[in-house]
Amino acid sequence: MKSIAQVAHLKEILFGMERDLGLDDLGRIEKNILYAAAILAETADRFESEQIRQHTLLAGVSRSSYFRALKEVVDAGYLNHLPGTQRSIYTLSEKRG
């Protein structure tokens, strides 16, 4: 049970950090999209929608739920869609915190 308590404390810390960054208004899938995008952005300035969708943080999320949540993340200003691109290519916005 000790390890469950440790995970619970980590979760508590994460919730506090999300609140401090203003992410508490996002749902679980939206947060995971943003987190996956942030991880991708560590190695590239731009990334495709499919790269985000295939990230392990989004395992088990249906395609329709993913695209609905992605739209919310973009509409909230956390990701920018690059206009004029053939594929859905995104960058992190300055709002990311």
# chains A, B, ... in the order shown; residues from 1 in each chain; ligands from 1
$ closest_atom_pairs --of "segment 7-54 of chain A" --to "segment 68-73 of chain A" --cutoff "12 Å" --atoms "only C-alpha atoms" --output "tab-separated table"
residue	atom	partner	partner_atom	distance
A:Leu23	CA	A:Val73	CA	10.4
A:Asp25	CA	A:Val73	CA	10.6
A:Leu26	CA	A:Val73	CA	8.0
A:Gly27	CA	A:Ala69	CA	8.3
A:Arg28	CA	A:Ala69	CA	9.3
A:Ile29	CA	A:Ala69	CA	6.4
A:Glu30	CA	A:Ala69	CA	5.3
A:Lys31	CA	A:Val73	CA	8.2
A:Asn32	CA	A:Ala69	CA	9.6
A:Ile33	CA	A:Leu70	CA	6.9
A:Leu34	CA	A:Val73	CA	7.3
A:Tyr35	CA	A:Val73	CA	11.0
A:Ala36	CA	A:Leu70	CA	11.4
A:Ala37	CA	A:Leu70	CA	10.5
A:Glu48	CA	A:Leu70	CA	11.8
A:Ser49	CA	A:Leu70	CA	8.6
A:Glu50	CA	A:Leu70	CA	11.1
A:Ile52	CA	A:Leu70	CA	9.4
A:Arg53	CA	A:Leu70	CA	9.3
$ select_by_dssp --residues "chain A" --states "strand (DSSP E)" --output "list in words"
Phe47, Glu48, Leu79, Asn80, His81, Ile89, Tyr90, Thr91 and Leu92 of chain A
$ write_last_selection --atoms "all heavy atoms" --output "compact mmCIF listing (two decimals), in the first residue's frame"
# COMPACT_ATOMS: atom_id res chain seq x y z
N PHE A 47 5.15 19.31 -35.27
CA PHE A 47 4.84 17.89 -35.22
C PHE A 47 3.47 17.66 -35.82
O PHE A 47 2.64 18.57 -35.86
CB PHE A 47 4.91 17.35 -33.78
CG PHE A 47 4.44 18.34 -32.77
CD1 PHE A 47 3.10 18.45 -32.46
CD2 PHE A 47 5.33 19.21 -32.15
CE1 PHE A 47 2.65 19.38 -31.55
CE2 PHE A 47 4.88 20.14 -31.23
CZ PHE A 47 3.54 20.23 -30.93
N GLU A 48 3.26 16.45 -36.30
CA GLU A 48 2.00 16.11 -36.94
C GLU A 48 0.98 15.61 -35.91
O GLU A 48 1.34 15.04 -34.89
CB GLU A 48 2.21 15.03 -37.99
CG GLU A 48 3.02 15.51 -39.17
CD GLU A 48 3.15 14.46 -40.25
OE1 GLU A 48 2.29 13.55 -40.33
OE2 GLU A 48 4.12 14.55 -41.02
N LEU A 79 -2.17 24.94 -28.59
CA LEU A 79 -1.49 24.48 -29.80
C LEU A 79 -1.88 25.38 -30.96
O LEU A 79 -3.01 25.87 -31.01
CB LEU A 79 -1.86 23.04 -30.15
CG LEU A 79 -1.40 21.93 -29.23
CD1 LEU A 79 -1.90 20.57 -29.75
CD2 LEU A 79 0.10 21.90 -29.10
N ASN A 80 -0.95 25.57 -31.88
CA ASN A 80 -1.23 26.33 -33.10
C ASN A 80 -1.18 25.39 -34.29
O ASN A 80 -0.22 24.63 -34.44
CB ASN A 80 -0.17 27.42 -33.31
CG ASN A 80 -0.19 28.44 -32.21
OD1 ASN A 80 -1.23 28.86 -31.75
ND2 ASN A 80 0.99 28.83 -31.76
N HIS A 81 -2.20 25.44 -35.13
CA HIS A 81 -2.20 24.70 -36.38
C HIS A 81 -1.48 25.57 -37.40
O HIS A 81 -1.77 26.75 -37.52
CB HIS A 81 -3.63 24.41 -36.84
CG HIS A 81 -3.69 23.68 -38.12
ND1 HIS A 81 -3.89 24.31 -39.32
CD2 HIS A 81 -3.54 22.37 -38.40
CE1 HIS A 81 -3.89 23.41 -40.28
NE2 HIS A 81 -3.67 22.24 -39.75
N ILE A 89 -0.28 19.90 -39.09
CA ILE A 89 0.98 20.16 -38.41
C ILE A 89 0.75 21.24 -37.36
O ILE A 89 0.07 22.24 -37.62
CB ILE A 89 2.09 20.56 -39.40
CG1 ILE A 89 2.31 19.40 -40.38
CG2 ILE A 89 3.37 20.91 -38.67
CD1 ILE A 89 3.37 19.63 -41.41
N TYR A 90 1.31 21.02 -36.17
CA TYR A 90 1.08 21.89 -35.03
C TYR A 90 2.39 22.33 -34.40
O TYR A 90 3.42 21.68 -34.56
CB TYR A 90 0.24 21.16 -33.97
CG TYR A 90 -1.14 20.84 -34.47
CD1 TYR A 90 -1.40 19.65 -35.14
CD2 TYR A 90 -2.19 21.72 -34.28
CE1 TYR A 90 -2.66 19.36 -35.61
CE2 TYR A 90 -3.46 21.45 -34.75
CZ TYR A 90 -3.69 20.26 -35.42
OH TYR A 90 -4.94 19.98 -35.88
N THR A 91 2.30 23.42 -33.66
CA THR A 91 3.38 23.88 -32.79
C THR A 91 2.76 24.22 -31.43
O THR A 91 1.56 24.48 -31.34
CB THR A 91 4.07 25.14 -33.34
OG1 THR A 91 3.10 26.19 -33.46
CG2 THR A 91 4.71 24.89 -34.70
N LEU A 92 3.60 24.21 -30.40
CA LEU A 92 3.12 24.67 -29.09
C LEU A 92 2.99 26.18 -29.14
O LEU A 92 3.83 26.87 -29.74
CB LEU A 92 4.12 24.30 -28.00
CG LEU A 92 4.09 22.89 -27.46
CD1 LEU A 92 5.17 22.71 -26.41
CD2 LEU A 92 2.74 22.55 -26.85
$ select_by_dssp --residues "chain A" --states "alpha helix (DSSP H)" --output "PyMOL selection string"
chain A and resi 2-21+28-41+49-53+63-75
$ write_last_selection --atoms "C-alpha atoms" --output "CSV table (one decimal), in the first residue's frame"
chain,number,residue,atom,x,y,z
A,2,LYS,CA,2.9,2.3,0.5
A,3,SER,CA,3.5,2.6,-3.3
A,4,ILE,CA,-0.2,3.6,-3.8
A,5,ALA,CA,0.2,6.4,-1.3
A,6,GLN,CA,3.4,7.6,-3.1
A,7,VAL,CA,1.5,7.6,-6.4
A,8,ALA,CA,-1.4,9.5,-4.7
A,9,HIS,CA,1.1,12.1,-3.4
A,10,LEU,CA,2.5,12.5,-6.9
A,11,LYS,CA,-1.0,12.9,-8.3
A,12,GLU,CA,-1.7,15.6,-5.7
A,13,ILE,CA,1.5,17.4,-6.8
A,14,LEU,CA,0.5,17.1,-10.4
A,15,PHE,CA,-3.0,18.5,-9.8
A,16,GLY,CA,-1.4,21.5,-8.0
A,17,MET,CA,1.0,22.2,-10.9
A,18,GLU,CA,-1.9,21.9,-13.4
A,19,ARG,CA,-3.9,24.4,-11.4
A,20,ASP,CA,-0.9,26.8,-11.2
A,21,LEU,CA,-0.5,26.6,-15.0
A,28,ARG,CA,-8.0,14.4,-19.1
A,29,ILE,CA,-7.6,13.7,-22.9
A,30,GLU,CA,-7.0,17.4,-23.6
A,31,LYS,CA,-4.2,17.5,-21.0
A,32,ASN,CA,-2.7,14.3,-22.3
A,33,ILE,CA,-2.7,15.8,-25.8
A,34,LEU,CA,-0.9,18.9,-24.5
A,35,TYR,CA,1.6,16.8,-22.5
A,36,ALA,CA,2.3,14.6,-25.6
A,37,ALA,CA,2.8,17.7,-27.7
A,38,ALA,CA,5.2,19.2,-25.1
A,39,ILE,CA,7.2,16.0,-25.2
A,40,LEU,CA,7.4,16.0,-29.0
A,41,ALA,CA,8.3,19.7,-28.9
A,49,SER,CA,-1.4,15.3,-35.4
A,50,GLU,CA,-0.7,11.6,-35.9
A,51,GLN,CA,2.5,11.8,-33.9
A,52,ILE,CA,0.5,13.2,-31.0
A,53,ARG,CA,-2.2,10.6,-31.4
A,63,ARG,CA,-10.0,8.5,-32.9
A,64,SER,CA,-13.2,10.6,-32.6
A,65,SER,CA,-12.5,11.5,-29.0
A,66,TYR,CA,-8.9,12.4,-29.9
A,67,PHE,CA,-9.9,14.8,-32.7
A,68,ARG,CA,-12.6,16.4,-30.6
A,69,ALA,CA,-10.2,17.0,-27.8
A,70,LEU,CA,-7.5,18.2,-30.1
A,71,LYS,CA,-9.9,20.8,-31.4
A,72,GLU,CA,-10.5,22.0,-27.9
A,73,VAL,CA,-6.8,22.2,-27.1
A,74,VAL,CA,-6.3,24.3,-30.3
A,75,ASP,CA,-9.4,26.5,-29.6
$ closest_residue --among "A:Asp24, A:Lys95, A:Ser62, A:His55" --to "Tyr78 of chain A" --atoms "only C-alpha atoms"
A:Lys95
$ atom_distance --atom1 "atom CA of Gln54 of chain A" --atom2 "atom CA of Ser93 of chain A"
20.7 Å
